[in-house]
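Novice: Just input_20.txt, nothing more (compact mmCIF, C-alpha atoms and all ligand atoms):
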# COMPACT_ATOMS: atom_id res chain seq x y z
CA MET T 1 0.00 0.00 0.00
CA THR T 2 1.41 3.42 -0.90
CA SER T 3 0.37 6.75 0.53
CA ALA T 4 0.19 10.32 -0.76
CA PRO T 5 -0.32 13.44 1.35
CA SER T 6 -3.86 14.78 1.53
CA ARG T 7 -3.76 18.45 0.45
CA LEU T 8 -7.34 19.58 0.01
CA THR T 9 -9.10 17.83 2.85
CA GLY T 10 -10.82 20.29 5.20
CA ASP T 11 -12.71 19.75 8.47
CA LYS T 12 -15.38 17.63 6.81
CA GLY T 13 -12.62 15.48 5.32
CA THR T 14 -11.01 14.91 8.71
CA PHE T 15 -14.38 14.10 10.26
CA VAL T 16 -15.26 11.64 7.45
CA ARG T 17 -11.86 9.94 7.57
CA GLU T 18 -11.99 9.47 11.35
CA MET T 19 -15.56 8.21 11.17
CA PHE T 20 -14.69 5.55 8.60
CA ALA T 21 -11.65 4.58 10.64
CA ARG T 22 -14.01 3.83 13.54
CA ILE T 23 -16.44 1.70 11.54
CA ALA T 24 -13.86 -0.02 9.29
CA PRO T 25 -13.73 -3.33 11.24
CA ARG T 26 -17.46 -4.00 10.71
CA TYR T 27 -18.09 -1.94 7.58
CA ASP T 28 -18.60 -4.91 5.21
CA LEU T 29 -21.00 -6.73 7.52
CA ALA T 30 -23.01 -3.55 8.15
CA ASN T 31 -23.25 -2.89 4.40
CA ARG T 32 -24.66 -6.34 3.69
CA VAL T 33 -27.16 -6.12 6.56
CA LEU T 34 -28.33 -2.56 5.83
CA THR T 35 -28.93 -3.26 2.13
CA GLY T 36 -30.13 -6.86 2.55
CA GLY T 37 -27.24 -7.86 0.29
CA LEU T 38 -28.66 -5.78 -2.59
CA ASP T 39 -25.55 -3.59 -2.73
CA GLU T 40 -23.71 -6.42 -4.52
CA ARG T 41 -26.36 -6.41 -7.25
CA TRP T 42 -26.11 -2.60 -7.63
CA ARG T 43 -22.33 -2.84 -7.84
CA ARG T 44 -22.60 -5.41 -10.64
CA ARG T 45 -24.91 -3.02 -12.48
CA ALA T 46 -22.38 -0.19 -12.13
CA ILE T 47 -19.59 -2.45 -13.37
CA ARG T 48 -21.64 -3.45 -16.43
CA LEU T 49 -22.31 0.22 -17.17
CA LEU T 50 -18.59 0.97 -17.01
CA ALA T 51 -17.94 -1.59 -19.78
CA ALA T 52 -14.20 -1.55 -19.06
CA PRO T 53 -11.87 -2.57 -21.89
CA LYS T 54 -10.15 -5.96 -21.45
CA GLY T 55 -6.79 -5.63 -19.74
CA GLY T 56 -7.51 -1.95 -18.98
CA ARG T 57 -6.05 0.08 -16.13
CA LEU T 58 -8.89 1.03 -13.81
CA LEU T 59 -9.28 3.27 -10.78
CA ASP T 60 -11.77 2.83 -7.94
CA CYS T 61 -12.10 6.18 -6.15
CA CYS T 62 -12.84 6.07 -2.39
CA CYS T 63 -12.40 2.29 -2.58
CA GLY T 64 -12.94 1.69 1.14
CA THR T 65 -12.59 -2.02 1.87
CA GLY T 66 -12.47 -2.79 -1.84
CA ASP T 67 -15.93 -4.07 -2.80
CA LEU T 68 -15.84 -2.46 -6.24
CA VAL T 69 -12.17 -3.34 -6.76
CA PHE T 70 -12.94 -7.03 -6.17
CA GLY T 71 -16.16 -6.81 -8.17
CA LEU T 72 -14.23 -5.44 -11.14
CA LEU T 73 -11.62 -8.20 -10.86
CA ARG T 74 -14.25 -10.95 -10.50
CA ASN T 75 -15.93 -9.63 -13.62
CA ASP T 76 -12.67 -9.47 -15.58
CA PRO T 77 -9.45 -10.81 -14.02
CA THR T 78 -7.37 -9.24 -16.84
CA LEU T 79 -7.97 -5.74 -15.42
CA ASP T 80 -5.24 -3.84 -13.60
CA VAL T 81 -7.16 -2.19 -10.74
CA THR T 82 -6.02 0.52 -8.33
CA GLY T 83 -8.12 1.61 -5.35
CA ILE T 84 -7.57 4.97 -3.67
CA ASP T 85 -8.94 6.04 -0.28
CA PHE T 86 -7.78 8.45 2.42
CA CYS T 87 -8.74 6.20 5.36
CA ALA T 88 -5.89 3.83 6.26
CA PRO T 89 -7.97 1.33 8.31
CA MET T 90 -10.40 0.88 5.37
CA LEU T 91 -7.45 0.33 3.02
CA GLN T 92 -5.84 -2.17 5.39
CA ARG T 93 -9.00 -4.25 5.25
CA ALA T 94 -8.99 -4.01 1.45
CA GLN T 95 -5.38 -5.18 1.38
CA HIS T 96 -6.18 -8.04 3.75
CA ARG T 97 -9.13 -9.14 1.60
CA ALA T 98 -6.92 -9.07 -1.50
CA GLU T 99 -4.38 -11.35 0.19
CA GLN T 100 -7.06 -13.76 1.40
CA ALA T 101 -8.70 -14.00 -2.02
CA HIS T 102 -5.35 -14.08 -3.88
CA ARG T 103 -6.44 -11.05 -5.90
CA LYS T 104 -3.83 -8.70 -7.30
CA ALA T 105 -4.79 -5.04 -6.82
CA THR T 106 -2.95 -1.85 -5.89
CA PHE T 107 -4.13 0.25 -2.95
CA VAL T 108 -3.07 3.86 -2.54
CA GLU T 109 -3.73 6.09 0.46
CA GLY T 110 -4.71 9.50 -0.87
CA ASP T 111 -7.36 12.17 -1.34
CA VAL T 112 -9.56 11.86 -4.45
CA MET T 113 -9.57 15.65 -4.75
CA ALA T 114 -5.80 15.65 -5.40
CA MET T 115 -4.75 12.25 -6.67
CA PRO T 116 -1.11 11.18 -7.07
CA PHE T 117 -1.68 9.99 -10.67
CA GLU T 118 -0.68 11.45 -14.02
CA ASP T 119 -3.17 12.96 -16.47
CA ASP T 120 -4.92 10.43 -18.77
CA ALA T 121 -3.64 7.49 -16.69
CA PHE T 122 -6.77 5.27 -16.50
CA ASP T 123 -9.07 3.47 -18.94
CA GLY T 124 -12.05 3.82 -16.59
CA ALA T 125 -13.00 4.78 -13.04
CA THR T 126 -15.63 3.81 -10.50
CA MET T 127 -16.87 5.19 -7.19
CA GLY T 128 -19.27 3.54 -4.74
CA PHE T 129 -21.37 5.31 -2.09
CA SER T 130 -18.82 8.08 -1.72
CA LEU T 131 -19.55 11.23 -3.74
CA ARG T 132 -21.79 12.38 -0.87
CA ASN T 133 -18.81 12.23 1.46
CA VAL T 134 -16.25 14.34 -0.38
CA VAL T 135 -15.65 17.95 0.62
CA ASP T 136 -16.17 19.34 -2.91
CA VAL T 137 -18.18 17.31 -5.45
CA ASP T 138 -17.25 19.50 -8.45
CA ALA T 139 -13.52 19.49 -7.65
CA THR T 140 -13.67 15.70 -7.26
CA LEU T 141 -15.39 15.26 -10.62
CA ARG T 142 -12.78 17.47 -12.32
CA GLU T 143 -9.99 15.49 -10.68
CA VAL T 144 -11.46 12.15 -11.81
CA LEU T 145 -11.77 13.57 -15.33
CA ARG T 146 -8.12 14.63 -15.28
CA VAL T 147 -6.80 11.11 -14.58
CA LEU T 148 -8.99 9.44 -17.23
CA ARG T 149 -7.72 8.99 -20.76
CA PRO T 150 -9.94 10.51 -23.49
CA GLY T 151 -12.82 8.12 -24.24
CA ALA T 152 -12.73 6.53 -20.77
CA ARG T 153 -15.85 6.29 -18.60
CA PHE T 154 -16.59 7.11 -14.97
CA VAL T 155 -19.49 5.54 -13.06
CA SER T 156 -20.59 6.54 -9.58
CA LEU T 157 -23.05 4.39 -7.61
CA ASP T 158 -24.74 6.11 -4.69
CA VAL T 159 -27.87 6.73 -2.69
CA THR T 160 -29.96 9.59 -4.04
CA LYS T 161 -33.27 11.37 -3.44
CA ALA T 162 -36.18 9.29 -4.76
CA PRO T 163 -38.48 11.40 -7.00
CA ASN T 164 -41.76 9.71 -5.89
CA ARG T 165 -42.99 11.43 -2.69
CA THR T 166 -44.65 8.41 -1.07
CA TYR T 167 -41.73 6.17 -1.84
CA LYS T 168 -39.32 8.87 -0.68
CA ARG T 169 -41.16 9.07 2.64
CA LEU T 170 -40.79 5.32 3.17
CA PHE T 171 -37.18 5.36 2.07
CA ASP T 172 -36.41 8.33 4.35
CA LEU T 173 -37.97 6.50 7.28
CA TYR T 174 -35.63 3.58 6.64
CA PHE T 175 -32.59 5.71 5.83
CA TYR T 176 -32.87 8.34 8.57
CA ARG T 177 -34.38 6.21 11.39
CA ILE T 178 -33.64 2.51 10.88
CA VAL T 179 -30.13 2.82 9.39
CA PRO T 180 -28.69 4.66 12.45
CA LEU T 181 -30.30 2.07 14.77
CA LEU T 182 -29.16 -0.99 12.82
CA GLY T 183 -25.82 0.64 12.03
CA GLY T 184 -25.28 1.20 15.74
CA ILE T 185 -25.94 -2.45 16.49
CA VAL T 186 -24.15 -4.09 13.53
CA GLY T 187 -21.63 -1.43 12.58
CA GLY T 188 -20.67 -0.45 16.12
CA SER T 189 -21.28 3.33 15.87
CA ARG T 190 -24.72 4.86 15.91
CA ALA T 191 -23.24 8.35 15.42
CA ALA T 192 -21.48 7.27 12.23
CA TYR T 193 -24.61 5.68 10.82
CA ALA T 194 -26.58 8.82 11.71
CA TYR T 195 -24.08 10.92 9.73
CA LEU T 196 -24.30 8.73 6.61
CA PRO T 197 -27.99 9.43 5.85
CA ASN T 198 -27.51 13.11 6.68
CA SER T 199 -24.77 13.31 4.06
CA LEU T 200 -27.57 12.93 1.49
CA THR T 201 -29.50 15.96 2.71
CA HIS T 202 -27.15 18.53 1.13
CA HIS T 203 -26.23 16.35 -1.86
CA PRO T 204 -27.66 17.29 -5.29
CA ASN T 205 -30.59 15.19 -6.53
CA ALA T 206 -29.99 12.81 -9.46
CA PRO T 207 -30.77 15.21 -12.36
CA ASP T 208 -28.70 17.99 -10.74
CA LEU T 209 -25.79 15.63 -10.21
CA ARG T 210 -25.98 14.59 -13.86
CA ASP T 211 -25.74 18.29 -14.81
CA ARG T 212 -22.71 18.68 -12.55
CA PHE T 213 -21.03 15.75 -14.32
CA ALA T 214 -21.62 17.63 -17.58
CA ARG T 215 -20.38 20.95 -16.13
CA ALA T 216 -17.22 19.23 -14.87
CA GLY T 217 -16.54 18.26 -18.51
CA PHE T 218 -17.97 14.73 -18.85
CA THR T 219 -19.72 14.05 -22.16
CA GLY T 220 -22.86 11.88 -22.42
CA ALA T 221 -23.57 12.40 -18.73
CA GLY T 222 -26.60 10.47 -17.46
CA TYR T 223 -27.83 8.17 -14.74
CA VAL T 224 -29.68 4.90 -14.24
CA PRO T 225 -32.14 4.96 -11.32
CA LEU T 226 -32.41 1.78 -9.21
CA MET T 227 -34.79 0.88 -6.36
CA GLY T 228 -37.45 3.34 -7.46
CA GLY T 229 -34.87 6.10 -7.75
CA ALA T 230 -33.45 5.83 -4.22
CA ILE T 231 -30.18 4.56 -5.69
CA ALA T 232 -28.57 5.82 -8.90
CA VAL T 233 -25.59 5.02 -11.07
CA HIS T 234 -24.30 8.24 -12.65
CA TYR T 235 -21.97 8.02 -15.62
CA GLY T 236 -20.05 10.16 -18.05
CA THR T 237 -17.18 9.91 -20.52
CA LYS T 238 -14.07 11.99 -20.94
CA GLY T 239 -14.40 13.56 -24.38
CA SER T 240 -11.54 13.52 -26.85
CA GLU T 241 -11.00 17.23 -26.16
CA GLY T 242 -10.26 16.12 -22.55
C1 LIG Q 301 -19.27 4.76 2.29
S1 LIG Q 301 -17.58 4.37 2.06
C2 LIG Q 301 -17.61 3.56 0.50
C3 LIG Q 301 -16.50 2.56 0.34
C4 LIG Q 301 -16.57 1.74 -0.94
N1 LIG Q 301 -16.45 2.57 -2.12
C5 LIG Q 301 -17.84 0.92 -1.02
O1 LIG Q 301 -18.52 0.99 -2.03
O2 LIG Q 301 -18.12 0.18 -0.08
C6 LIG Q 301 -16.87 5.96 1.67
C7 LIG Q 301 -15.37 5.94 1.54
O3 LIG Q 301 -14.96 7.18 0.98
C8 LIG Q 301 -13.70 7.52 1.54
N2 LIG Q 301 -13.48 8.94 1.28
C9 LIG Q 301 -14.30 9.98 1.56
N3 LIG Q 301 -13.77 11.14 1.12
C10 LIG Q 301 -12.59 10.82 0.54
C11 LIG Q 301 -11.59 11.59 -0.12
N4 LIG Q 301 -11.69 12.93 -0.25
N5 LIG Q 301 -10.51 10.95 -0.63
C12 LIG Q 301 -10.39 9.60 -0.50
N6 LIG Q 301 -11.29 8.82 0.13
C13 LIG Q 301 -12.40 9.43 0.63
C14 LIG Q 301 -13.85 7.11 2.98
O4 LIG Q 301 -12.62 6.96 3.64
C15 LIG Q 301 -14.61 5.77 2.85
O5 LIG Q 301 -13.74 4.69 2.78
Show me this structure written as structure tokens.

Specialist:
Amino acid sequence: MTSAPSRLTGDKGTFVREMFARIAPRYDLANRVLTGGLDERWRRRAIRLLAAPKGGRLLDCCCGTGDLVFGLLRNDPTLDVTGIDFCAPMLQRAQHRAEQAHRKATFVEGDVMAMPFEDDAFDGATMGFSLRNVVDVDATLREVLRVLRPGARFVSLDVTKAPNRTYKRLFDLYFYRIVPLLGGIVGGSRAAYAYLPNSLTHHPNAPDLRDRFARAGFTGAGYVPLMGGAIAVHYGTKGSEG
């Protein structure tokens, strides 16, 4: 595992990093319980949308314990996958999982708003359940765009605001009330699992986020709603103008 200094991380960044450090030991279990195992299905959908080229060099931004990294490698073992995250305990779990599963992946400790990679370095990039957590969404999107080669795609899977009001009410009840309770029991920190839903409150809704992908410079920006629009996979491509 290599590490790069975090330059742009402000107070929110420090708070988020420390929070994930606290829940890292039980993060995977909590994820499976809180989504009823559906997160694996959503991840597969995101990976299909990425349509990575065989043998390509891929980046998973905010990789955490590596779910998307391992999903990408299961889907196509010829890929060369790097995961970046600024929380060392999450990365240590990712590294441990890679060793246990005999999977070859590179893990880098660093901030996705200032990544230690050259321009045009990757043939595709993913992000799972993380864009809500970064300090500056637009700066992050521009930074992801920078490290992609022209023609490469970025997909971001995350929770979003469901457009249907009745459904949204039900989802909010689960997300804002049940998740902190269950997260406290399974994940070991009620405070952390109370923060996670709140991170959605100030996050743009799905159409607005699509427009921000476009404003950051992604071409063909769009999104696929899942679970009645409570989950979305946003995508965009780096144009040949870069
Ligand atoms: C909810 S977890 C998601 C982990 C993983 N992508 C998944 O799908 O399970 C969010 C992750 O984003 C990371 N993170 C948040 N802001 C970051 C930043 N600016 N740079 C790097 N990692 C960041 C956290 O450390 C945490 O591991």

Novice: All residues within 8 Å of ligand LIG 301 (chain Q) are required, counting all atoms listed in the file; please report them as a ChimeraX atom specification.

Specialist: /T:6,8-9,13,16-17,20-21,27-28,31,43,60-68,84-88,90-91,109-113,127-131,133-135,140,157,196

Novice: So which one's closest to Thr106 in chain T, T:Pro225, T:Gly83, T:Gly184, T:Pro89? Using all atoms listed in the file, please.

Specialist: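 Among the listed residues, the smallest separation from Thr106 in chain T belongs to T:Gly83.
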
Novice: Can you list, as a list in words, every protein, DNA or RNA residue that comes within 8 Å of Gly217 in chain T when you count only C-alpha atoms, leaving out same-chain residues fewer than 3 positions away?

Specialist: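 Near Gly217 in chain T, the qualifying residues are Arg142, Leu145, Phe213, Ala214, Lys238, Gly239 and Gly242 of chain T.
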
Novice: Taking all atoms listed in the file into account, which of T:Ala192, T:Ile185, T:Ala221, T:Val147 comes nearest Gly124 in chain T?

Specialist: T:Val147

Novice: From the list T:Ala191, T:Leu38, T:Val108, T:Leu49, which residue is nearest Ile23 in chain T when using all atoms listed in the file?

Specialist: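 Answer, going by the shortest atom-to-atom distance: T:Ala191.
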
Novice: Tell me which protein, DNA and RNA residues are within 12 Å of Glu118 in chain T, counting all atoms listed in the file, leaving out same-chain ones fewer than 6 positions away, and put them as a PyMOL selection string.

Specialist: chain T and resi 143-149

Novice: The selected residues should be written to file as a PDB file, in the coordinates of the input (atoms: C-alpha atoms).

Specialist:
ATOM      1  CA  GLU T 143      -9.990  15.490 -10.680  1.00  0.00           C
ATOM      2  CA  VAL T 144     -11.460  12.150 -11.810  1.00  0.00           C
ATOM      3  CA  LEU T 145     -11.770  13.570 -15.330  1.00  0.00           C
ATOM      4  CA  ARG T 146      -8.120  14.630 -15.280  1.00  0.00           C
ATOM      5  CA  VAL T 147      -6.800  11.110 -14.580  1.00  0.00           C
ATOM      6  CA  LEU T 148      -8.990   9.440 -17.230  1.00  0.00           C
ATOM      7  CA  ARG T 149      -7.720   8.990 -20.760  1.00  0.00           C
TER       8      ARG T 149
END

Novice: Rounded to one decimal place, report the CA of Gly71 in chain T-CA of Arg22 in chain T distance in Å.

Specialist: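 Between CA of Gly71 in chain T and CA of Arg22 in chain T the gap works out to 24.3 Å.
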
Novice: Which is closer to Ala24 in chain T than all the others in T:Gly187, T:Gly36, T:Gly229, T:Gly220, using all atoms listed in the file?

Specialist: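 That would be T:Gly187, the residue with the smallest distance to Ala24 in chain T.
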
Novice: Determine the nearest neighbour of Arg103 in chain T from the options T:Pro25, T:Pro116, T:Pro77, T:Gly188, counting all atoms listed in the file.

Specialist: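 Among T:Pro25, T:Pro116, T:Pro77, T:Gly188, it is T:Pro77 that comes nearest to Arg103 in chain T.
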
Novice: One number please: CA of Leu79 in chain T to CA of Leu50 in chain T, in Å, one decimal.

Specialist: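 Atom-to-atom, CA of Leu79 in chain T to CA of Leu50 in chain T, that is 12.7 Å.
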
Novice: Which distance in Å separates CA of Ser189 in chain T and CA of Asn205 in chain T, to one decimal?

Specialist: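 Here the two named atoms are 27.0 Å from each other.
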
Novice: Please determine, counting only C-alpha atoms, which residue among T:Asp136, T:Asp120, T:Glu99, T:Asp158 has the shortest atom-to-atom distance to Val224 in chain T.

Specialist: T:Asp158

Novice: Could you pull the residues within 10 Å of Pro53 in chain T, counting all atoms listed in the file, minus those fewer than 3 positions along the same chain, as number ranges by chain?

Specialist: T: 50, 56-58, 76, 78-79, 123-124, 152

Novice: Extract, using all atoms listed in the file, all DNA, RNA and protein residues at most 8 Å from Val179 in chain T, discarding same-chain residues fewer than 3 positions from it, and format them as a list in words.

Specialist: Leu34, Tyr174, Phe175, Tyr176, Leu182, Gly183, Tyr193, Ala194 and Pro197 of chain T

Novice: Using all atoms listed in the file, determine which residues lie at most 9 Å from Asp211 in chain T, disregarding the query and same-chain residues fewer than 5 positions distant; provide the list as a list in words.

Specialist: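 Those residues are Ala206, Ala216, Ala221 and Gly222 of chain T.
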
Novice: Could you rebuild range 72-102 of chain T with N, CA and C atoms and give me the result as a compact mmCIF listing (two decimals), keeping the file's coordinate frame?

Specialist:
# COMPACT_ATOMS: atom_id res chain seq x y z
N LEU T 72 -14.81 -5.65 -9.81
CA LEU T 72 -14.23 -5.44 -11.14
C LEU T 72 -13.34 -6.64 -11.52
N LEU T 73 -12.55 -7.10 -10.57
CA LEU T 73 -11.62 -8.20 -10.86
C LEU T 73 -12.35 -9.53 -11.04
N ARG T 74 -13.45 -9.72 -10.31
CA ARG T 74 -14.25 -10.95 -10.50
C ARG T 74 -14.85 -10.94 -11.90
N ASN T 75 -15.29 -9.76 -12.31
CA ASN T 75 -15.93 -9.63 -13.62
C ASN T 75 -14.93 -9.82 -14.76
N ASP T 76 -13.70 -9.35 -14.55
CA ASP T 76 -12.67 -9.47 -15.58
C ASP T 76 -11.28 -9.49 -14.92
N PRO T 77 -10.74 -10.70 -14.72
CA PRO T 77 -9.45 -10.81 -14.02
C PRO T 77 -8.28 -10.21 -14.81
N THR T 78 -8.49 -9.82 -16.08
CA THR T 78 -7.37 -9.24 -16.84
C THR T 78 -7.16 -7.77 -16.48
N LEU T 79 -8.09 -7.18 -15.72
CA LEU T 79 -7.97 -5.74 -15.42
C LEU T 79 -6.84 -5.47 -14.42
N ASP T 80 -6.27 -4.29 -14.54
CA ASP T 80 -5.24 -3.84 -13.60
C ASP T 80 -5.91 -2.75 -12.75
N VAL T 81 -6.31 -3.10 -11.52
CA VAL T 81 -7.16 -2.19 -10.74
C VAL T 81 -6.42 -1.56 -9.57
N THR T 82 -6.57 -0.24 -9.46
CA THR T 82 -6.02 0.52 -8.33
C THR T 82 -7.18 1.10 -7.53
N GLY T 83 -7.12 0.98 -6.22
CA GLY T 83 -8.12 1.61 -5.35
C GLY T 83 -7.44 2.72 -4.58
N ILE T 84 -8.12 3.87 -4.48
CA ILE T 84 -7.57 4.97 -3.67
C ILE T 84 -8.57 5.36 -2.60
N ASP T 85 -8.09 5.61 -1.40
CA ASP T 85 -8.94 6.04 -0.28
C ASP T 85 -8.04 6.77 0.72
N PHE T 86 -8.63 7.72 1.47
CA PHE T 86 -7.78 8.45 2.42
C PHE T 86 -7.87 7.90 3.85
N CYS T 87 -8.58 6.76 4.01
CA CYS T 87 -8.74 6.20 5.36
C CYS T 87 -7.92 4.91 5.47
N ALA T 88 -6.82 4.97 6.21
CA ALA T 88 -5.89 3.83 6.26
C ALA T 88 -6.54 2.54 6.78
N PRO T 89 -7.37 2.59 7.85
CA PRO T 89 -7.97 1.33 8.31
C PRO T 89 -8.87 0.66 7.26
N MET T 90 -9.57 1.45 6.45
CA MET T 90 -10.40 0.88 5.37
C MET T 90 -9.47 0.21 4.35
N LEU T 91 -8.39 0.88 4.01
CA LEU T 91 -7.45 0.33 3.02
C LEU T 91 -6.78 -0.94 3.53
N GLN T 92 -6.48 -0.96 4.84
CA GLN T 92 -5.84 -2.17 5.39
C GLN T 92 -6.77 -3.37 5.26
N ARG T 93 -8.05 -3.14 5.43
CA ARG T 93 -9.00 -4.25 5.25
C ARG T 93 -9.05 -4.66 3.78
N ALA T 94 -8.99 -3.69 2.89
CA ALA T 94 -8.99 -4.01 1.45
C ALA T 94 -7.77 -4.87 1.11
N GLN T 95 -6.62 -4.46 1.63
CA GLN T 95 -5.38 -5.18 1.38
C GLN T 95 -5.47 -6.61 1.93
N HIS T 96 -6.02 -6.74 3.12
CA HIS T 96 -6.18 -8.04 3.75
C HIS T 96 -7.09 -8.94 2.91
N ARG T 97 -8.19 -8.36 2.43
CA ARG T 97 -9.13 -9.14 1.60
C ARG T 97 -8.44 -9.60 0.31
N ALA T 98 -7.62 -8.72 -0.26
CA ALA T 98 -6.92 -9.07 -1.50
C ALA T 98 -6.00 -10.27 -1.25
N GLU T 99 -5.31 -10.24 -0.11
CA GLU T 99 -4.38 -11.35 0.19
C GLU T 99 -5.15 -12.64 0.41
N GLN T 100 -6.25 -12.56 1.13
CA GLN T 100 -7.06 -13.76 1.40
C GLN T 100 -7.62 -14.37 0.12
N ALA T 101 -8.05 -13.50 -0.79
CA ALA T 101 -8.70 -14.00 -2.02
C ALA T 101 -7.69 -14.20 -3.15
N HIS T 102 -6.40 -13.97 -2.86
CA HIS T 102 -5.35 -14.08 -3.88
C HIS T 102 -5.68 -13.21 -5.10
